[in-house]
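A quick write-up on the structure given underneath.
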Amino acid sequence: MHSILELRHLKTLIALREGGNLLRAAVLLNVTQSALSHQIKQLEDHHGTALFERKSVPVRFTPAGECLLKLADAVLPQVAATERDIVRLGQGVAGQLRIAVECHTCFDWLMPAMDVFRNRWPEVELDIVSGFHADPIALLYGHRADVAIVSETDPDEKVDYHALFQFEIIALVANDHPLAEKDFLVAADFGTETLITYPVPDDMLDVVRQVLQPAGVHVARRTTELTVAMLQLVASKRGIATLPIWAAQNYLDRNYVTAKRITRDGLTGRLYAACLPEMSVRPFLEDFVNTTRESCYLTLERVELL
């Protein structure tokens with residue numbers, strides 16, 4: 001029996017299972033949704049049977065689709081492991097990956113991504129540079145870090161930026177706060193409030209940089225190192241806070257505070273992995289970036305890949 005199966009077909013089915021629908025699967029594979037549909041139709045036409053139920057949410061595979069998924073689960077990890085072994089033989093990968101962050105909420109998604117990466121590259125020493133760093137790029141130049149997680153790119157810096165993902169930043173107010181009745185908040189709504197934040201400079205806060213400063217709005221600030229302390233202050237009407245949706249999700253699920261969009265279109269934050277050019281060519285760096293992107297896209301709320 002002639003087979004048309006290729007690795008890309010198996011990767012498509014895995015992405016469809018993990019993403020839950022065609023759109024998310026296409027994003028994971030960095031292809032168009034129509035190209036993905038064409039691949040699946042090609043398989044279905046060849047085998048004369050459907051691979052999944054079109055109207056099921058999340059996607060539900062047919063027995064034929066499950067059979068191919070079983071093959072993909074067996075084959076793809078072996079292919080990936082073999083390719084990494086070939087890289088090890090040809091280039092050697094022993095090294096270290098020290099990660100510096102400028103974002104207090106980064107640990108919510110960074111630690112799970114590091115766990116996945118560590119299983120793939122056990123010979124790479126993986127570590128987080130302790131403490132919060134207002135200028136993590138400087139740590140790269142000083143060879144005290146290998147990768148810096150940053151929220152902005154600077155063309156004047158002599159580093160490579162690897163796009164990770166973008167996400168929505170929400171405002172958090174007390175459930176009985178007058179602002180909780182609004183559909184969304186604008187810059188003027190912050191003017192009479194205390195902004196509760198982590199202890200970082202103004203220019204590192206997206207809400208200040210993107211919303212308040214352009215509108216000429218200046219606010220009083222109160223800082224705390226802990227997310228739980230921040231949300232307690234919000235719940236007791238001591239001020240309002242802004243956080244990525246994933247950092248506040250547990251509190252929102254318990255109806256502890258109320259979330260509001262910031263501006264009609266929402267406030268978007270972005271994250272990048274920055275490193276020196278000589279680190280970009282290391283094979284495990286590319287895998288770290290890809291692992292992080294995929295892990296965050298599948299597990300975090302309101303995340304889009306850059």
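Chain identifiers are assigned as A, B, and so on, following the order in which chains appear in the structure tokens; residues are numbered from 1 within each chain, and ligands are numbered from 1 in order of appearance.
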
Item checked: Near-region 134-146 of chain A list (10 Å; only C-alpha atoms; drop same-chain fewer than 4 positions) as a list of chain:residue names -> A:Gln96, A:Leu97, A:Arg98, A:Ile99, A:Ala100, A:Val101, A:Glu102, A:Cys103, A:Asp127, A:Ile128, A:Val129, A:Val150, A:Glu157, A:Lys158, A:Val159, A:Pro199, A:Val200, A:Pro201, A:Met204, A:Ala273, A:Ala274, A:Cys275, A:Leu276, A:Glu278, A:Met279, A:Ser280, A:Leu285

Next item on the list: With a distance cut-off of 12 Å and only C-alpha atoms, select the neighbouring residues of region 262-269 of chain A, excluding the residue or stretch itself and same-chain residues fewer than 3 positions from it, and output the selection as number ranges by chain.
Entry: A: 103, 150-152, 164-173, 179, 182-190, 204-212, 215, 240-245, 259, 272, 302-306

Export, as a JSON list (two decimals), in the first residue's frame, the selected residues with C-alpha atoms.
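Produced file again-v2.json, reproduced below:
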```json
[["chain", "number", "residue", "atom", "x", "y", "z"],
["A", 103, "CYS", "CA", 9.00, 41.00, 34.65],
["A", 150, "VAL", "CA", 12.37, 41.86, 27.99],
["A", 151, "SER", "CA", 9.21, 43.73, 27.03],
["A", 152, "GLU", "CA", 10.71, 46.04, 24.38],
["A", 164, "LEU", "CA", 7.94, 35.19, 22.18],
["A", 165, "PHE", "CA", 4.32, 36.28, 22.51],
["A", 166, "GLN", "CA", 1.93, 39.14, 23.16],
["A", 167, "PHE", "CA", -0.79, 39.24, 25.79],
["A", 168, "GLU", "CA", -3.56, 41.39, 27.18],
["A", 169, "ILE", "CA", -3.00, 43.48, 30.29],
["A", 170, "ILE", "CA", -6.11, 44.12, 32.37],
["A", 171, "ALA", "CA", -7.02, 46.56, 35.13],
["A", 172, "LEU", "CA", -8.10, 45.09, 38.47],
["A", 173, "VAL", "CA", -10.52, 46.92, 40.73],
["A", 179, "LEU", "CA", -15.02, 51.71, 37.95],
["A", 182, "LYS", "CA", -17.55, 50.63, 33.23],
["A", 183, "ASP", "CA", -17.12, 48.61, 30.04],
["A", 184, "PHE", "CA", -13.45, 49.58, 29.89],
["A", 185, "LEU", "CA", -11.07, 52.08, 31.50],
["A", 186, "VAL", "CA", -9.37, 55.03, 29.85],
["A", 187, "ALA", "CA", -6.41, 57.11, 31.00],
["A", 188, "ALA", "CA", -8.57, 59.63, 32.89],
["A", 189, "ASP", "CA", -10.02, 56.86, 35.07],
["A", 190, "PHE", "CA", -6.57, 56.31, 36.59],
["A", 204, "MET", "CA", 8.76, 49.62, 32.57],
["A", 205, "LEU", "CA", 4.99, 49.69, 33.14],
["A", 206, "ASP", "CA", 2.99, 49.21, 29.95],
["A", 207, "VAL", "CA", -0.01, 51.09, 31.31],
["A", 208, "VAL", "CA", 2.18, 54.12, 32.06],
["A", 209, "ARG", "CA", 4.20, 53.95, 28.85],
["A", 210, "GLN", "CA", 1.33, 53.20, 26.47],
["A", 211, "VAL", "CA", -1.71, 54.81, 28.10],
["A", 212, "LEU", "CA", -1.05, 57.31, 30.88],
["A", 215, "ALA", "CA", -2.55, 61.24, 27.76],
["A", 240, "ILE", "CA", -6.18, 49.69, 41.25],
["A", 241, "ALA", "CA", -3.64, 47.41, 39.61],
["A", 242, "THR", "CA", -2.76, 46.24, 36.12],
["A", 243, "LEU", "CA", -1.54, 42.71, 35.41],
["A", 244, "PRO", "CA", -1.39, 40.17, 32.60],
["A", 245, "ILE", "CA", -4.60, 38.18, 32.62],
["A", 259, "ALA", "CA", -11.16, 42.76, 35.70],
["A", 272, "TYR", "CA", 11.08, 38.86, 23.76],
["A", 302, "ARG", "CA", -5.32, 35.58, 25.83],
["A", 303, "VAL", "CA", -1.88, 34.96, 24.38],
["A", 304, "GLU", "CA", -0.94, 35.41, 20.73],
["A", 305, "LEU", "CA", 2.38, 34.47, 19.16],
["A", 306, "LEU", "CA", 4.54, 37.24, 17.73]]
```

Notebook entry, point to check: Which one is closest to Ala25 (chain A): A:Val147, A:Leu110, A:Ile86, A:Leu13? Count only C-alpha atoms.
Noted result: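 Residue with the minimum atom-to-atom distance to Ala25 (chain A): A:Leu13.
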
Next item on the list: Step one, run DSSP on the backbone; step two, keep only residues of region 7-199 of chain A assigned to strand (DSSP E or B); then write them as a PyMOL selection string.
Entry: chain A and resi 52-53+60-61+95-101+124-128+147-150+160-173+184-185+194-197

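Coordinates place CA of Pro277 (chain A) at a distance of 5.8 Å from CA of Asp160 (chain A).
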